$ cat structure_34.cif   # mmCIF, C-alpha atoms and all ligand atoms
data_final
#
loop_
_atom_site.label_atom_id
_atom_site.label_comp_id
_atom_site.auth_asym_id
_atom_site.auth_seq_id
_atom_site.Cartn_x
_atom_site.Cartn_y
_atom_site.Cartn_z
CA MET U 927 95.19 84.90 108.78
CA GLY U 928 94.84 81.17 108.48
CA GLU U 929 91.32 81.19 109.61
CA ARG U 930 90.53 84.65 108.34
CA LYS U 931 87.30 84.13 106.45
CA GLN U 932 87.55 84.75 102.72
CA GLY U 933 85.03 85.58 100.09
CA ALA U 934 83.64 89.00 100.86
CA VAL U 935 83.87 91.47 98.01
CA ASN U 936 85.93 94.61 98.20
CA GLN U 937 84.47 97.73 96.66
CA HIS U 938 86.77 100.60 95.90
CA SER U 939 83.83 102.95 95.68
CA ARG U 940 82.39 102.12 99.09
CA SER U 941 82.88 104.37 102.08
CA ALA U 942 81.72 103.97 105.64
CA GLU U 943 78.01 104.34 106.07
CA GLY U 944 78.14 105.31 109.75
CA GLY U 945 80.88 107.19 111.58
CA PRO U 946 84.49 106.01 111.45
CA THR U 947 84.08 103.81 114.53
CA THR U 948 80.77 102.27 113.45
CA PRO U 949 81.36 98.65 112.47
CA PRO U 950 79.71 97.29 109.32
CA PRO U 951 76.29 95.67 110.01
CA GLY U 952 76.47 92.49 112.06
CA LEU U 953 79.92 93.14 113.55
CA PRO U 954 80.34 93.74 117.30
CA GLU U 955 80.64 97.28 118.59
CA PRO U 956 84.09 98.28 119.88
CA ALA U 957 84.52 98.97 123.59
CA GLN U 958 84.63 102.58 124.80
CA GLU U 959 88.43 102.55 125.26
CA GLU U 960 88.84 101.18 121.72
CA ARG U 961 86.60 103.91 120.30
CA ALA U 962 88.70 106.52 122.09
CA ARG U 963 91.94 105.12 120.61
CA SER U 964 90.39 104.94 117.15
CA ALA U 965 89.24 108.56 117.52
CA ARG U 966 92.81 109.64 118.37
CA LEU U 967 94.10 107.81 115.30
CA THR U 968 91.38 109.41 113.19
CA ALA U 969 92.49 112.86 114.36
CA ARG U 970 96.10 112.02 113.51
CA LEU U 971 95.11 110.79 110.05
CA ARG U 972 93.02 113.90 109.39
CA ALA U 973 95.99 116.08 110.31
CA LEU U 974 98.23 114.09 107.95
CA MET U 975 95.62 114.39 105.20
CA ALA U 976 95.40 118.14 105.68
CA GLU U 977 99.20 118.37 105.54
CA ALA U 978 99.22 116.33 102.31
CA GLY U 979 96.66 118.63 100.68
CA GLY U 980 93.49 116.64 101.42
CA ALA U 981 94.16 112.94 100.84
CA LEU U 982 96.75 110.30 101.70
CA PRO U 983 97.75 107.53 99.30
CA PHE U 984 96.22 104.30 100.57
CA HIS U 985 99.58 102.77 101.56
CA ARG U 986 100.17 105.68 103.95
CA TYR U 987 96.68 105.34 105.43
CA MET U 988 97.30 101.60 105.90
CA ALA U 989 100.72 102.21 107.47
CA GLU U 990 99.11 104.51 110.05
CA ALA U 991 96.12 102.23 110.62
CA LEU U 992 98.43 99.32 111.42
CA TYR U 993 101.60 100.89 112.85
CA ALA U 994 101.01 104.47 114.14
CA PRO U 995 102.91 104.47 117.47
CA GLY U 996 100.62 103.43 120.32
CA LEU U 997 97.52 103.74 118.12
CA GLY U 998 97.81 101.44 115.09
CA TYR U 999 96.40 97.92 115.10
CA TYR U 1000 99.75 96.14 115.55
CA ALA U 1001 101.39 98.91 117.57
CA ALA U 1002 98.65 98.79 120.20
CA GLY U 1003 99.06 95.03 120.63
CA PRO U 1004 96.36 93.04 118.88
CA VAL U 1005 94.84 89.91 120.35
CA LEU U 1006 96.17 87.14 118.12
CA GLY U 1007 95.00 83.54 118.13
CA GLU U 1008 91.69 81.81 118.78
CA GLY U 1009 90.30 84.59 120.99
CA GLY U 1010 91.47 87.41 118.70
CA ASP U 1011 90.76 88.73 115.24
CA PHE U 1012 92.36 85.89 113.28
CA VAL U 1013 94.39 82.71 113.72
CA THR U 1014 97.67 82.03 111.93
CA ALA U 1015 99.20 78.62 111.20
CA PRO U 1016 101.69 78.69 114.11
CA GLU U 1017 98.83 79.69 116.43
CA LEU U 1018 96.67 76.90 115.09
CA SER U 1019 99.11 74.09 115.83
CA PRO U 1020 102.79 73.43 116.61
CA LEU U 1021 102.68 71.00 113.66
CA PHE U 1022 103.33 73.94 111.34
CA GLY U 1023 106.52 75.04 113.12
CA ARG U 1024 107.72 71.49 113.65
CA CYS U 1025 107.54 70.80 109.88
CA LEU U 1026 109.12 74.15 109.07
CA ALA U 1027 111.98 73.29 111.45
CA ARG U 1028 112.91 70.38 109.18
CA THR U 1029 113.37 72.74 106.25
CA VAL U 1030 115.23 75.27 108.39
CA ALA U 1031 117.58 72.58 109.74
CA VAL U 1032 118.54 71.42 106.24
CA ALA U 1033 118.88 75.01 104.99
CA LEU U 1034 121.21 75.85 107.90
CA GLU U 1035 123.31 72.82 107.08
CA GLN U 1036 123.46 73.79 103.38
CA ALA U 1037 124.43 77.33 104.35
CA GLY U 1038 127.19 76.08 106.64
CA GLY U 1039 125.43 77.30 109.80
CA GLY U 1040 124.34 80.80 110.69
CA VAL U 1041 121.38 82.37 112.47
CA VAL U 1042 117.62 82.13 112.12
CA LEU U 1043 115.88 85.47 111.67
CA GLU U 1044 112.13 85.43 112.16
CA ALA U 1045 110.44 88.56 110.87
CA GLY U 1046 107.10 89.61 112.36
CA ALA U 1047 106.83 87.05 115.15
CA GLY U 1048 103.30 87.90 116.38
CA SER U 1049 102.58 86.19 119.69
CA GLY U 1050 105.89 84.26 119.59
CA ALA U 1051 104.19 80.93 118.85
CA LEU U 1052 106.44 80.08 115.90
CA ALA U 1053 109.62 81.08 117.73
CA VAL U 1054 108.73 78.77 120.62
CA THR U 1055 108.04 75.80 118.33
CA LEU U 1056 110.94 76.38 115.96
CA LEU U 1057 113.49 76.72 118.74
CA GLY U 1058 112.21 73.62 120.54
CA GLU U 1059 112.16 71.52 117.38
CA LEU U 1060 115.54 72.72 116.13
CA GLN U 1061 116.98 71.73 119.49
CA ALA U 1062 115.32 68.29 119.21
CA LEU U 1063 116.81 67.90 115.72
CA GLY U 1064 120.27 68.90 116.98
CA ALA U 1065 120.21 71.92 114.66
CA LEU U 1066 120.04 74.95 116.95
CA PRO U 1067 121.19 78.11 115.15
CA GLU U 1068 123.97 80.37 116.48
CA ALA U 1069 121.28 82.86 117.44
CA TYR U 1070 117.54 83.34 116.92
CA LEU U 1071 116.87 86.90 115.85
CA ILE U 1072 113.38 88.39 115.85
CA LEU U 1073 112.71 91.41 113.67
CA GLU U 1074 109.59 92.96 115.16
CA LEU U 1075 108.12 96.44 114.75
CA SER U 1076 105.44 96.30 117.40
CA PRO U 1077 106.71 97.05 120.94
CA ALA U 1078 103.58 95.47 122.40
CA LEU U 1079 104.10 92.22 120.49
CA ARG U 1080 107.81 92.19 121.25
CA ALA U 1081 107.00 92.33 124.98
CA ARG U 1082 104.60 89.44 124.51
CA GLN U 1083 107.23 87.41 122.61
CA GLU U 1084 109.84 88.03 125.32
CA ALA U 1085 107.48 86.91 128.07
CA ARG U 1086 106.36 83.82 126.20
CA LEU U 1087 109.88 82.69 125.31
CA ALA U 1088 111.13 83.25 128.86
CA LEU U 1089 108.25 81.14 130.17
CA GLU U 1090 108.31 78.32 127.64
CA HIS U 1091 112.06 78.10 126.88
CA PRO U 1092 113.92 79.66 129.84
CA THR U 1093 117.25 78.18 128.67
CA LEU U 1094 116.89 78.77 124.93
CA ALA U 1095 115.56 82.32 125.42
CA THR U 1096 119.13 83.51 125.94
CA ARG U 1097 119.81 82.79 122.24
CA VAL U 1098 117.04 85.17 121.17
CA ARG U 1099 117.76 88.80 120.24
CA TRP U 1100 115.32 91.40 118.94
CA LEU U 1101 115.97 93.74 116.03
CA GLN U 1102 114.00 96.82 115.05
CA ALA U 1103 115.42 97.13 111.55
CA PRO U 1104 116.69 94.57 109.05
CA PRO U 1105 120.37 93.70 109.60
CA GLU U 1106 122.92 94.85 107.03
CA ARG U 1107 124.45 91.39 106.75
CA LEU U 1108 123.01 88.02 107.44
CA HIS U 1109 124.12 84.40 107.21
CA GLY U 1110 121.47 81.78 107.84
CA VAL U 1111 117.72 81.42 107.36
CA VAL U 1112 115.03 84.11 107.24
CA VAL U 1113 111.49 83.01 108.09
CA ALA U 1114 108.46 85.24 107.62
CA ASN U 1115 104.98 83.82 108.11
CA GLU U 1116 102.15 86.21 107.29
CA LEU U 1117 104.41 89.24 107.44
CA LEU U 1118 104.23 90.44 103.86
CA ASP U 1119 100.41 90.55 103.72
CA ALA U 1120 100.54 92.91 106.71
CA LEU U 1121 102.86 95.44 105.06
CA PRO U 1122 101.16 98.54 103.63
CA CYS U 1123 100.12 98.07 100.01
CA HIS U 1124 99.48 100.57 97.22
CA ARG U 1125 96.03 100.53 95.61
CA PHE U 1126 95.12 101.51 92.08
CA LEU U 1127 91.95 101.97 90.09
CA LEU U 1128 91.41 101.69 86.35
CA ASP U 1129 88.21 103.31 85.12
CA GLU U 1130 86.85 104.83 81.94
CA GLU U 1131 88.74 108.06 82.68
CA GLY U 1132 92.15 106.54 83.17
CA ALA U 1133 94.46 104.99 85.75
CA TRP U 1134 94.62 106.31 89.34
CA GLU U 1135 96.28 105.67 92.62
CA LEU U 1136 93.61 105.19 95.29
CA GLY U 1137 93.87 107.40 98.32
CA VAL U 1138 91.83 108.16 101.41
CA THR U 1139 90.29 111.50 102.34
CA TRP U 1140 87.89 112.82 105.00
CA GLU U 1141 84.42 113.74 103.78
CA GLY U 1142 81.10 114.28 105.56
CA GLY U 1143 82.36 113.06 108.93
CA ARG U 1144 84.03 109.86 107.70
CA PHE U 1145 86.86 108.49 105.61
CA ALA U 1146 86.19 108.16 101.89
CA TRP U 1147 88.07 106.94 98.84
CA ALA U 1148 89.81 109.45 96.59
CA ARG U 1149 91.29 109.10 93.11
CA LEU U 1150 94.81 110.50 93.00
CA PRO U 1151 97.09 111.06 90.01
CA LEU U 1152 99.38 108.11 89.41
CA GLU U 1153 102.59 109.94 90.36
CA ASP U 1154 104.64 107.16 91.95
CA THR U 1155 106.80 105.94 89.07
CA HIS U 1156 107.11 102.36 90.31
CA LEU U 1157 103.37 102.09 90.78
CA ALA U 1158 102.68 103.77 87.43
CA GLN U 1159 105.01 101.35 85.62
CA ARG U 1160 103.40 98.33 87.23
CA VAL U 1161 99.86 99.56 86.56
CA ARG U 1162 100.69 100.36 82.93
CA ALA U 1163 102.08 96.85 82.46
CA LEU U 1164 98.91 95.30 83.91
CA ALA U 1165 96.28 97.63 82.45
CA ALA U 1166 95.96 96.28 78.91
CA GLY U 1167 94.41 92.96 79.89
CA LEU U 1168 92.02 94.26 82.55
CA PRO U 1169 88.36 95.35 82.46
CA ARG U 1170 87.09 98.76 83.70
CA PRO U 1171 86.42 99.52 86.49
CA TYR U 1172 89.18 97.45 88.09
CA ALA U 1173 90.81 98.08 91.46
CA SER U 1174 93.63 96.11 93.01
CA GLU U 1175 96.79 96.27 95.08
CA VAL U 1176 100.52 96.34 94.43
CA GLY U 1177 102.81 95.30 97.28
CA LEU U 1178 105.69 97.67 96.61
CA VAL U 1179 106.61 97.84 100.31
CA ALA U 1180 106.72 94.03 100.52
CA GLU U 1181 108.91 93.90 97.40
CA THR U 1182 111.32 96.44 98.89
CA TRP U 1183 111.41 94.40 102.09
CA VAL U 1184 112.35 91.23 100.18
CA ARG U 1185 115.02 93.12 98.18
CA THR U 1186 116.50 94.64 101.34
CA LEU U 1187 116.66 91.34 103.23
CA GLY U 1188 117.81 89.57 100.06
CA GLN U 1189 120.72 91.98 99.65
CA ALA U 1190 121.66 91.48 103.30
CA LEU U 1191 121.58 87.69 102.97
CA GLU U 1192 125.18 86.76 102.19
CA ARG U 1193 124.56 83.03 102.32
CA GLY U 1194 121.40 81.12 103.18
CA LEU U 1195 117.67 80.91 102.57
CA MET U 1196 114.56 83.07 102.88
CA LEU U 1197 111.30 81.25 103.54
CA LEU U 1198 108.29 83.45 102.84
CA ILE U 1199 104.93 81.97 103.75
CA ASP U 1200 101.76 83.84 102.99
CA TYR U 1201 98.47 83.79 101.15
CA GLY U 1202 98.49 84.98 97.60
CA PHE U 1203 98.94 84.03 94.00
CA PRO U 1204 101.38 84.21 91.11
CA ARG U 1205 100.83 87.43 89.16
CA HIS U 1206 98.64 86.01 86.38
CA GLU U 1207 96.14 84.74 88.95
CA TYR U 1208 96.41 87.79 91.22
CA TYR U 1209 95.39 90.24 88.52
CA HIS U 1210 92.70 88.02 87.07
CA PRO U 1211 90.08 90.02 85.15
CA GLN U 1212 87.39 88.65 87.46
CA ARG U 1213 89.19 89.82 90.63
CA ALA U 1214 88.06 93.33 89.79
CA GLU U 1215 87.91 94.61 93.37
CA GLY U 1216 91.31 93.42 94.50
CA THR U 1217 92.28 91.35 97.53
CA LEU U 1218 92.20 93.87 100.36
CA MET U 1219 90.44 92.47 103.42
CA CYS U 1220 89.77 93.57 106.98
CA HIS U 1221 89.58 91.27 109.99
CA TYR U 1222 87.75 92.19 113.14
CA ARG U 1223 86.85 89.66 115.82
CA HIS U 1224 87.08 86.69 113.47
CA ARG U 1225 84.92 88.31 110.82
CA ALA U 1226 86.15 89.42 107.44
CA HIS U 1227 84.69 92.42 105.68
CA PRO U 1228 85.84 94.66 102.85
CA ASP U 1229 85.79 98.18 104.35
CA PRO U 1230 89.20 99.48 105.54
CA LEU U 1231 87.77 102.95 106.12
CA VAL U 1232 86.01 102.07 109.38
CA LEU U 1233 87.30 100.90 112.77
CA VAL U 1234 90.67 102.46 111.99
CA GLY U 1235 93.33 100.98 114.28
CA LEU U 1236 90.92 98.38 115.63
CA GLN U 1237 90.96 95.93 112.74
CA ASP U 1238 93.64 94.17 110.74
CA LEU U 1239 94.08 95.24 107.12
CA THR U 1240 95.68 92.81 104.74
CA ALA U 1241 96.21 92.19 101.05
CA HIS U 1242 97.23 88.97 99.32
CA VAL U 1243 100.80 88.86 98.05
CA ASP U 1244 101.89 88.68 94.42
CA PHE U 1245 104.45 85.85 94.60
CA THR U 1246 105.79 86.64 91.13
CA ALA U 1247 106.71 90.13 92.33
CA LEU U 1248 108.39 88.71 95.46
CA ALA U 1249 110.38 86.20 93.38
CA GLU U 1250 111.45 89.02 91.03
CA ALA U 1251 112.53 91.14 94.01
CA GLY U 1252 114.61 88.22 95.27
CA VAL U 1253 116.21 87.69 91.87
CA GLU U 1254 117.01 91.43 91.66
CA ALA U 1255 118.83 91.02 94.98
CA GLY U 1256 120.85 88.19 93.41
CA LEU U 1257 118.96 85.27 94.98
CA GLU U 1258 117.84 82.10 93.26
CA VAL U 1259 114.23 80.88 93.49
CA ALA U 1260 114.84 77.59 95.28
CA GLY U 1261 111.21 76.56 95.70
CA PHE U 1262 107.56 77.57 95.40
CA THR U 1263 104.78 75.29 96.53
CA PRO U 1264 101.37 75.37 98.25
CA GLN U 1265 101.40 75.05 102.03
CA GLY U 1266 99.57 71.69 101.99
CA ALA U 1267 102.24 70.08 99.79
CA PHE U 1268 105.00 71.81 101.75
CA LEU U 1269 103.87 70.40 105.09
CA ALA U 1270 103.23 66.94 103.64
CA ASP U 1271 106.80 66.82 102.31
CA ALA U 1272 108.31 68.31 105.46
CA GLY U 1273 107.23 65.47 107.73
CA LEU U 1274 103.60 66.14 108.69
CA GLY U 1275 102.60 62.49 108.26
CA GLU U 1276 105.42 61.21 110.49
CA LEU U 1277 104.62 63.75 113.17
CA LEU U 1278 101.00 62.59 113.16
CA THR U 1279 101.69 58.88 113.23
CA GLY U 1280 104.34 59.37 115.90
CA ALA U 1281 101.96 61.23 118.23
CA PRO U 1282 100.43 59.38 121.20
CA GLU U 1283 96.80 58.30 120.72
CA PRO U 1284 94.82 60.93 122.65
CA GLU U 1285 96.81 63.75 121.06
CA ARG U 1286 96.73 62.31 117.55
CA LEU U 1287 93.07 63.09 116.94
CA ARG U 1288 93.52 66.75 117.92
CA LEU U 1289 96.63 67.03 115.75
CA ALA U 1290 94.83 65.38 112.84
CA GLN U 1291 92.10 68.04 113.03
CA ALA U 1292 94.73 70.80 112.98
CA ALA U 1293 96.59 69.09 110.11
CA LYS U 1294 93.38 69.19 108.07
CA ARG U 1295 92.99 72.91 108.62
CA LEU U 1296 96.63 73.49 107.67
CA THR U 1297 96.59 71.37 104.53
CA LEU U 1298 93.14 70.92 102.98
CA PRO U 1299 92.77 72.86 99.74
CA HIS U 1300 89.65 74.75 100.91
CA GLU U 1301 91.30 75.63 104.24
CA MET U 1302 94.94 76.85 104.29
CA GLY U 1303 96.48 74.22 102.02
CA GLU U 1304 96.17 75.95 98.64
CA LEU U 1305 95.78 79.68 99.20
CA PHE U 1306 98.89 79.75 101.39
CA LYS U 1307 102.16 79.22 99.61
CA VAL U 1308 105.81 78.91 100.53
CA LEU U 1309 108.48 80.70 98.51
CA ALA U 1310 112.15 79.88 99.08
CA LEU U 1311 114.87 82.28 97.91
CA ARG U 1312 118.48 81.23 98.27
CA ARG U 1313 122.02 82.52 97.98
CA GLY U 1314 124.87 80.03 98.00
CA PRO U 1315 125.13 76.26 97.87
CA GLY U 1316 121.90 74.38 97.37
CA GLY U 1317 120.36 70.94 97.31
CA PRO U 1318 116.88 69.53 97.85
CA LEU U 1319 114.88 71.08 100.68
CA PRO U 1320 112.21 69.29 102.73
CA GLY U 1321 108.89 70.85 101.77
CA PHE U 1322 109.62 71.48 98.11
CA ARG U 1323 110.27 67.98 96.76
CA LEU U 1324 106.64 66.95 96.31
CA LEU U 1325 105.24 69.75 94.17
CA ASP U 1326 107.33 72.28 92.26
CA HIS U 1327 105.15 75.25 91.32
CA ARG U 1328 108.02 77.50 90.27
CA PRO U 1329 106.92 77.39 86.62
CA ARG U 1330 103.67 79.13 87.67
CA LEU U 1331 105.51 82.22 88.90
C1 LIG A 1 99.88 88.91 110.78
S1 LIG A 1 101.08 89.03 112.05
C2 LIG A 1 101.87 87.44 111.86
C3 LIG A 1 102.49 86.97 113.12
C4 LIG A 1 103.22 85.62 113.08
N1 LIG A 1 104.25 85.56 112.07
C5 LIG A 1 102.27 84.47 112.92
O1 LIG A 1 102.29 83.82 111.91
O2 LIG A 1 101.49 84.24 113.86
C6 LIG A 1 102.29 90.18 111.40
C7 LIG A 1 103.48 90.42 112.30
O3 LIG A 1 104.44 91.21 111.60
C8 LIG A 1 104.86 92.31 112.41
N2 LIG A 1 105.35 93.34 111.49
C9 LIG A 1 104.65 94.13 110.66
N3 LIG A 1 105.45 94.89 109.89
C10 LIG A 1 106.71 94.54 110.21
C11 LIG A 1 107.99 94.93 109.72
N4 LIG A 1 108.13 95.85 108.78
N5 LIG A 1 109.08 94.36 110.28
C12 LIG A 1 108.95 93.42 111.23
N6 LIG A 1 107.76 93.01 111.72
C13 LIG A 1 106.66 93.56 111.23
C14 LIG A 1 103.62 92.61 113.22
O4 LIG A 1 103.87 93.41 114.34
C15 LIG A 1 103.21 91.17 113.58
O5 LIG A 1 104.01 90.66 114.59
#
$ encode --input "structure_34.cif" --output "structure tokens" --more "lines below"
Ligand SMILES: C[S@@+](CC[C@H](N)C(=O)[O-])C[C@H]1O[C@@H](n2cnc3c(N)ncnc32)[C@H](O)[C@@H]1O
Amino acid sequence: MGERKQGAVNQHSRSAEGGPTTPPPGLPEPAQEERARSARLTARLRALMAEAGGALPFHRYMAEALYAPGLGYYAAGPVLGEGGDFVTAPELSPLFGRCLARTVAVALEQAGGGVVLEAGAGSGALAVTLLGELQALGALPEAYLILELSPALRARQEARLALEHPTLATRVRWLQAPPERLHGVVVANELLDALPCHRFLLDEEGAWELGVTWEGGRFAWARLPLEDTHLAQRVRALAAGLPRPYASEVGLVAETWVRTLGQALERGLMLLIDYGFPRHEYYHPQRAEGTLMCHYRHRAHPDPLVLVGLQDLTAHVDFTALAEAGVEAGLEVAGFTPQGAFLADAGLGELLTGAPEPERLRLAQAAKRLTLPHEMGELFKVLALRRGPGGPLPGFRLLDHRPRL
């Protein structure tokens, strides 16, 4: 996300006012080919809804909208970066990856070597920078593994790495599923916000899972019984302190992902970078419409029920839940800090002062976007989970926000 605009309000009760491929007012119309793909995805979703008895839980709708083979937003190969729907930190500037490399290098040393596994590598921007910087630091990993679900993005990553690092590219291997065992460092930037989330609604009549149905020629919200036991437990634990109506998200898929990778990690570190909050801030009584956002051509809006397959859907992450998932997998919470403080402690200043004059100004502009509190500096956070020998890590020495989890 990085430069995904924030602030619009999400309304659980809202449904599309036009047809399913009509963008909200003010947003550009999709091209004819995009409409056709969205229509195919709509037909697939309607068939799945019919099979499920009328409605799909939101997490299943989101999984299809993002990852349905050949049709979902990520599966079809989104345009990432300045010309696309949103810009992430590695797309914004190599400064991000160069700082992160300092943490990765120390973590590899503490772990006694191993591999780097990048999960959800997007356009390949972070892989290119991390590999280059790790080489410059004399800390190249045994191998650089990329766990990527989207075939279209994998092809893009392969091409980019072959072009920009023809010699280092031979160290890179792609995985389609998490490995069973891992020794080294896992890096995931803006992966967990892109995993399907569960939605719930508390109203005067009770607690519900939010689902999606088809009604009057468009997708619409549906209240479903809260049957998923994990979701029900979490909602029950949150419900007492919250007003009615109140809708929000629970990232059960993201938590499972962290547990799975955490269990596989025999020795080393996981670095999870994303936008979100500790639980007490996430489920704030005033955040009564949740954190779900849609991004389409650099515009954020709150309606996930339109432009299916053509827009990114994302929810903030609950860092407390991720830390708990790591601890359940036997990991230690080695650090939690905002991105601005992380980059400052991981060498951002030195990289800026060391840059030649004409480049320095451009880098300074990017550094501001990465670190200023009203840009990406505060909302984005870095969580480090570790198994095995420890020690201080660049990035986490300046500001320790672990007590906030
Ligand atoms: C928002 S993009 C972030 C890309 C990149 N990390 C960056 O910062 O520019 C999310 C990425 O995660 C990938 N992805 C989504 N679900 C995944 C999963 N379960 N396993 C691996 N990759 C996944 C998407 O295809 C995409 O590459």
$ closest_residue --input "structure_34.cif" --among "U:Ala978, U:Cys1220, U:Leu1089, U:Leu953" --to "Leu992 in chain U" --atoms "all atoms listed in the file"
U:Cys1220
$ residues_near_ligand --input "structure_34.cif" --ligand "ligand LIG 1 (chain A)" --cutoff "6 Å" --atoms "all atoms listed in the file" --output "MDAnalysis selection string"
chainID U and resid 1000 1014 1016:1017 1045:1048 1073:1076 1115:1117 1120:1121
$ residues_around --input "structure_34.cif" --residues "Glu1207 in chain U" --least-positions-apart "2" --cutoff "12 Å" --atoms "all atoms listed in the file" --output "ChimeraX atom specification"
/U:1202-1205,1209-1214,1216-1217,1242-1246,1305,1330-1331
$ closest_residue --input "structure_34.cif" --among "U:Ala1078, U:Leu1218, U:Gly1050, U:Arg1125" --to "His1091 in chain U" --atoms "all atoms listed in the file"
U:Gly1050
$ closest_residue --input "structure_34.cif" --among "U:Leu1198, U:Ala1226, U:Ala969, U:Ala1247" --to "Leu1118 in chain U" --atoms "all atoms listed in the file"
U:Leu1198
$ closest_atom_pairs --input "structure_34.cif" --of "range 1175-1204 of chain U" --to "range 1030-1039 of chain U" --cutoff "7 Å" --atoms "all atoms listed in the file" --output "CSV"
residue,atom,partner,partner_atom,distance
U:Arg1193,CA,U:Ala1037,CA,6.1
U:Gly1194,CA,U:Ala1037,CA,5.0
U:Leu1195,CA,U:Ala1033,CA,6.5
$ atom_distance --input "structure_34.cif" --atom1 "CA of Arg1144 in chain U" --atom2 "CA of Val1161 in chain U"
28.3 Å
